[in-house]
Amino acid sequence: MSVLSLNAARVRKLRHLTHQIDQLAPKMRALSDGQLQAYTRQFRARLKQGETLDQLMVEAYAVVREADRRVLGMFPFEVQVMGGIALHQGNIIEMKTGEGKTLTATMPLYLNGLSGQGAMLVTPNDYLANRDGTEMGQVYQWLGLTCAVGFAAPGEKEYTTKQKKQAYAADITYTTNSALGFDYLFDNLATDVKHKFMRDFNYAIVDEADAVLLDSAVMPLIVSGAPRVNSTLLGVADEFIYTLREGKEYEYDEEDRAVWLTDQGNRAISHYFKRPQLFDGEQTELLRGVNLALKAHRLYERDKDYVVTPDNKVELLDRTNGRVMEGMKIQSGQHQAIEMKEQAELSPDTRALASITYQNLFRKFNKLSGMTGTGKVAEKEFIDTYYDRVIQIPTNRPVIRKDLPDRVYTTLPEKLMASLTEVLRLHQTGRPVLLVTANVEVSEIYSELLLQQKIPHSVLNAKNAAKEAAIIAEAGQKGAVTVATTMAGRGTDIKLGPGVKELGGLAVIGTEKMASKRIDQQLQGRAGRQGDPGTSQFFVSLEDEVVLKHGARWLQKYFKHNRQRVDPAHPKEITTRRFTRAIAQAQATSDSQDRQQRRQSLEMDESAQLQRQEVQRARNQLLYGDQIELDLRQIIQSDFERFFDQTPQLTLDRLVRYILDNVTYQYFTRPTELDLTNRRAVVAYLMRLADQEQAKKAAQFATEQEKNDFYRLAILKAVDECWVEEVDSLEQLRQVVASRQAAQRNPLYEYHKEALRSYNEMKVDLKHRISRNILISTINIGKNGRKDIYFV
């Protein structure tokens, strides 16, 4: 069966269920408010009696559909009901822009919220989550369910643990992917049950699913802390970079986005810093600083990879949508090297405390579904990664937008002039124009060009994202010109103003082919919503990033041969179909490379995921268990045995030092008669000291519960200390193994091998830390009888 016929078969099944729901509409409309609201109690009672959500779905959808009409004044169309059914069944639905995905989600969220186990709607930005949670929340609350937004509204104080607990305990929670991810990581760092605020993940709908589940999945979420001391060499290394020349002291590979020093470059470092023996093991920090500075200058571009805010801070950008990635920093000192390059405020270089990829985060849900305007082209990846198929939902009205052929030019100046001429032509007709660029830098270039032509316009990029809603609200008005990055209007509709339909609707102009075909389709979808007229067209040059990085070699040869022959003032369009096919292939290659990168990120996280599960299982047993299920005496003894085995030629001084550092501070004797070559005798002696130390501590506890809580805290602290070290090591390892590919070694194999070795070392270290926390800790009893425990 073909893909099209398979989707049609799925849609037919959805139509059949939608017809059953539609037949209940007159009955629901005839009910009073009280009668309609009473259904929620009835549904919950039926669930307790053994009915399933699937069995309730037809009636529940009819109820919430009528509630939407009464509370919001919006009655879901049949196609929205179909989308809602597919969402409940755990699918990714593809619904075109303007088809009402926000309203569609009210039905599956209400149904799954009835279970009491929680239902979430996850969006890419906090504006949408706050807006939709507040507006749609009226429906759920009217029907008797609780609804909350998972984070504080802009301008308000951050949520306390109690507020977060209430938000995640609600029947329905609206939040963002980043807020959810960081909350999950922080929750798993809690050292006491009362500090935990999340429950197990049950059901989630991910809005803009391709952006969240695919595009944002390359970079893992990382909670950082415990700052390292910033290298004092960052500043001088940054200055040194200006003396280097490409092709001489360093090589740069744009296609693989890699840069490295040559032998001549290493000699330049030796001469500049007066370090003749550069690789004697003493200059590691210097080499690290120079390499970080070199990458900052060549691999990271301002207004493409990051922006510098008005308060002089470096904020990372998401290349797929142009948005600022709140709270995200590049690890291993790279972020600080970029800050030094820009002479921005230098932030502390922190270590990773906890991390997870979006893939593994969302795979924790019992049921996951999503909504997007462009999911079908990525269905295989959705199935492989999230086990979700994609169902294309028909539009309520036929799409009449015209997607015009791409216009191809040799050079960037030609393309700029041609696209600007088209904007001027469209503006003269009164049609609103949305001019979309790939990054902040190009959006500002177009803004300058429009200002020179005295054309009033709005600019929407990461630097003024706070005005997004207001800018998008005006983008469909007669004569409006909006210059935007690919963040334009995702999740918000561009509605046409009076008289615009008659002029031909919104005109979307893409200034280059984006890294993925999905992003192109999203941009095209900004026009032609709900059967409105509109057009889309892309202007491409052979200097565009996707063509330079992924285009065929003959394209580059053609460009080099012809770039001097063109006149930017009179741009000449390339109409040969061979070029459009080659550019489409370049985009397909870019898409494929991104998929491979996401796959590698997921596969690398498998080791961390297995380790994370083991650590979380151990933590939860400690937090929620009544008794400590570990043989602590055996752990302490094995640590002593390890000390003896790893200390060749044990001396009395070494033994005393070990006792003072790891067993007890109250030690004033020297066991001169102890045979230091006898393993059993030394371990037995240490165990007697350990038993005495534990007996002293036990005498300070009033109850067995206090004693149990002390051991719980000592073990939990050891687990967390070891896990923080392990997470940071794994994050550093990600950076290191990438370089091993140059030595013809498989980076994935190298990563998993080193991760296993690191994990085994962590388990050994864990026993040592547990032993030390139990023995060398201090218990102080205050005047009010409160006991404070201090660990070294």
# chains A, B, ... in the order shown; residues from 1 in each chain; ligands from 1

call {"tool": "select_by_dssp", "arguments": {"residues": "region 346-450 of chain A", "states": "alpha helix (DSSP H)", "output": "VMD selection string"}}
result
chain A and resid 358 to 362 379 to 386 412 to 429 440 to 450

call {"tool": "residues_around", "arguments": {"residues": "His457 (chain A)", "least_positions_apart": "4", "cutoff": "7 Å", "atoms": "only C-alpha atoms", "output": "PyMOL selection string"}}
result
chain A and resi 480-482

call {"tool": "residues_around", "arguments": {"residues": "Gly531 (chain A)", "least_positions_apart": "4", "cutoff": "6 Å", "atoms": "only C-alpha atoms", "output": "ChimeraX atom specification"}}
result
/A:397-399

call {"tool": "write_last_selection", "arguments": {"atoms": "C-alpha atoms", "output": "PDB file, in the first residue's frame"}}
result
ATOM      1  CA  ARG A 397     -11.017  24.532   3.209  1.00  0.00           C
ATOM      2  CA  PRO A 398      -8.920  23.775   0.106  1.00  0.00           C
ATOM      3  CA  VAL A 399      -5.453  25.387   0.012  1.00  0.00           C
TER       4      VAL A 399
END

call {"tool": "select_by_dssp", "arguments": {"residues": "region 218-337 of chain A", "states": "strand (DSSP E or B)", "output": "number ranges by chain"}}
result
A: 221-225, 246, 250-253, 258-261, 302, 306-308, 314-317, 324

call {"tool": "atom_distance", "arguments": {"atom1": "CA of Glu468 (chain A)", "atom2": "CA of Arg526 (chain A)"}}
result
14.4 Å

call {"tool": "atom_distance", "arguments": {"atom1": "CA of Pro124 (chain A)", "atom2": "CA of Thr176 (chain A)"}}
result
5.5 Å

call {"tool": "residues_around", "arguments": {"residues": "region 533-540 of chain A", "least_positions_apart": "3", "cutoff": "8 Å", "atoms": "only C-alpha atoms", "output": "PyMOL selection string"}}
result
chain A and resi 400-409+415+419+501+504-513+524+527-529+544

call {"tool": "residues_around", "arguments": {"residues": "Lys313 (chain A)", "least_positions_apart": "2", "cutoff": "6 Å", "atoms": "only C-alpha atoms", "output": "list in words"}}
result
Val308, Thr309, Asp311, Ala344 and Glu345 of chain A

call {"tool": "residues_around", "arguments": {"residues": "Arg598 (chain A)", "least_positions_apart": "6", "cutoff": "8 Å", "atoms": "only C-alpha atoms", "output": "PyMOL selection string"}}
result
chain A and resi 214+217-218

call {"tool": "residues_around", "arguments": {"residues": "Met107 (chain A)", "least_positions_apart": "2", "cutoff": "8 Å", "atoms": "only C-alpha atoms", "output": "PDB file with C-alpha atoms, in the first residue's frame"}}
result
ATOM      1  CA  ALA A  60     -16.025  13.066  26.036  1.00  0.00           C
ATOM      2  CA  TYR A  61     -15.169  14.717  22.723  1.00  0.00           C
ATOM      3  CA  VAL A  64     -15.651  19.270  25.323  1.00  0.00           C
ATOM      4  CA  ARG A  65     -16.597  20.310  21.805  1.00  0.00           C
ATOM      5  CA  VAL A  81     -12.110  16.536  15.772  1.00  0.00           C
ATOM      6  CA  GLY A  84      -8.012  15.335  18.193  1.00  0.00           C
ATOM      7  CA  LEU A 103      -8.439  24.235  19.735  1.00  0.00           C
ATOM      8  CA  THR A 104      -7.860  20.707  18.406  1.00  0.00           C
ATOM      9  CA  ALA A 105      -5.748  19.888  21.466  1.00  0.00           C
ATOM     10  CA  LEU A 109      -6.185  16.952  26.750  1.00  0.00           C
ATOM     11  CA  TYR A 110      -9.596  16.871  28.430  1.00  0.00           C
ATOM     12  CA  LEU A 111     -10.020  13.140  27.790  1.00  0.00           C
TER      13      LEU A 111
END

call {"tool": "atom_distance", "arguments": {"atom1": "CA of Asp192 (chain A)", "atom2": "CA of Gln705 (chain A)"}}
result
15.0 Å

call {"tool": "closest_residue", "arguments": {"among": "A:Lys572, A:Arg581, A:Lys295, A:Arg41", "to": "Leu555 (chain A)", "atoms": "only C-alpha atoms"}}
result
A:Arg581

call {"tool": "closest_atom_pairs", "arguments": {"of": "region 300-402 of chain A", "to": "region 194-203 of chain A", "cutoff": "9 Å", "atoms": "only C-alpha atoms", "output": "CSV"}}
result
residue,atom,partner,partner_atom,distance
A:Phe362,CA,A:Phe201,CA,8.8
A:Lys364,CA,A:Phe201,CA,6.4
A:Phe365,CA,A:Phe201,CA,4.8
A:Asn366,CA,A:Asn202,CA,5.0
A:Lys367,CA,A:Tyr203,CA,4.9
A:Leu368,CA,A:Tyr203,CA,5.9
A:Ser369,CA,A:Tyr203,CA,8.0

call {"tool": "write_last_selection", "arguments": {"atoms": "N, CA, C and O atoms", "output": "mmCIF file, in the first residue's frame"}}
result
data_model
loop_
_atom_site.group_PDB
_atom_site.id
_atom_site.type_symbol
_atom_site.label_atom_id
_atom_site.label_comp_id
_atom_site.auth_asym_id
_atom_site.auth_seq_id
_atom_site.Cartn_x
_atom_site.Cartn_y
_atom_site.Cartn_z
ATOM 1 N N PHE A 362 11.382 12.864 26.097
ATOM 2 C CA PHE A 362 10.004 12.650 25.640
ATOM 3 C C PHE A 362 9.655 11.174 25.503
ATOM 4 O O PHE A 362 8.483 10.814 25.507
ATOM 5 N N LYS A 364 10.061 9.187 27.765
ATOM 6 C CA LYS A 364 9.638 8.773 29.101
ATOM 7 C C LYS A 364 8.123 8.835 29.275
ATOM 8 O O LYS A 364 7.589 8.301 30.254
ATOM 9 N N PHE A 365 7.410 9.485 28.360
ATOM 10 C CA PHE A 365 5.955 9.566 28.459
ATOM 11 C C PHE A 365 5.323 8.227 28.076
ATOM 12 O O PHE A 365 5.768 7.564 27.136
ATOM 13 N N ASN A 366 4.278 7.851 28.813
ATOM 14 C CA ASN A 366 3.548 6.620 28.469
ATOM 15 C C ASN A 366 2.937 6.719 27.082
ATOM 16 O O ASN A 366 2.873 5.729 26.347
ATOM 17 N N LYS A 367 2.494 7.929 26.748
ATOM 18 C CA LYS A 367 1.909 8.157 25.412
ATOM 19 C C LYS A 367 2.322 9.550 24.956
ATOM 20 O O LYS A 367 2.183 10.516 25.694
ATOM 21 N N LEU A 368 2.833 9.620 23.745
ATOM 22 C CA LEU A 368 3.329 10.883 23.197
ATOM 23 C C LEU A 368 2.683 11.137 21.847
ATOM 24 O O LEU A 368 2.608 10.252 20.995
ATOM 25 N N SER A 369 2.199 12.352 21.659
ATOM 26 C CA SER A 369 1.660 12.749 20.356
ATOM 27 C C SER A 369 2.144 14.158 20.047
ATOM 28 O O SER A 369 2.762 14.815 20.890
#

call {"tool": "closest_residue", "arguments": {"among": "A:Phe643, A:Tyr759, A:Phe382, A:Phe579", "to": "Gln611 (chain A)", "atoms": "only C-alpha atoms"}}
result
A:Tyr759

call {"tool": "closest_residue", "arguments": {"among": "A:Asp263, A:Glu135, A:Glu444, A:Asp626", "to": "Glu706 (chain A)", "atoms": "only C-alpha atoms"}}
result
A:Asp626

call {"tool": "closest_residue", "arguments": {"among": "A:Ala337, A:Ile330, A:Ile222, A:Leu435", "to": "Ala237 (chain A)", "atoms": "only C-alpha atoms"}}
result
A:Ala337
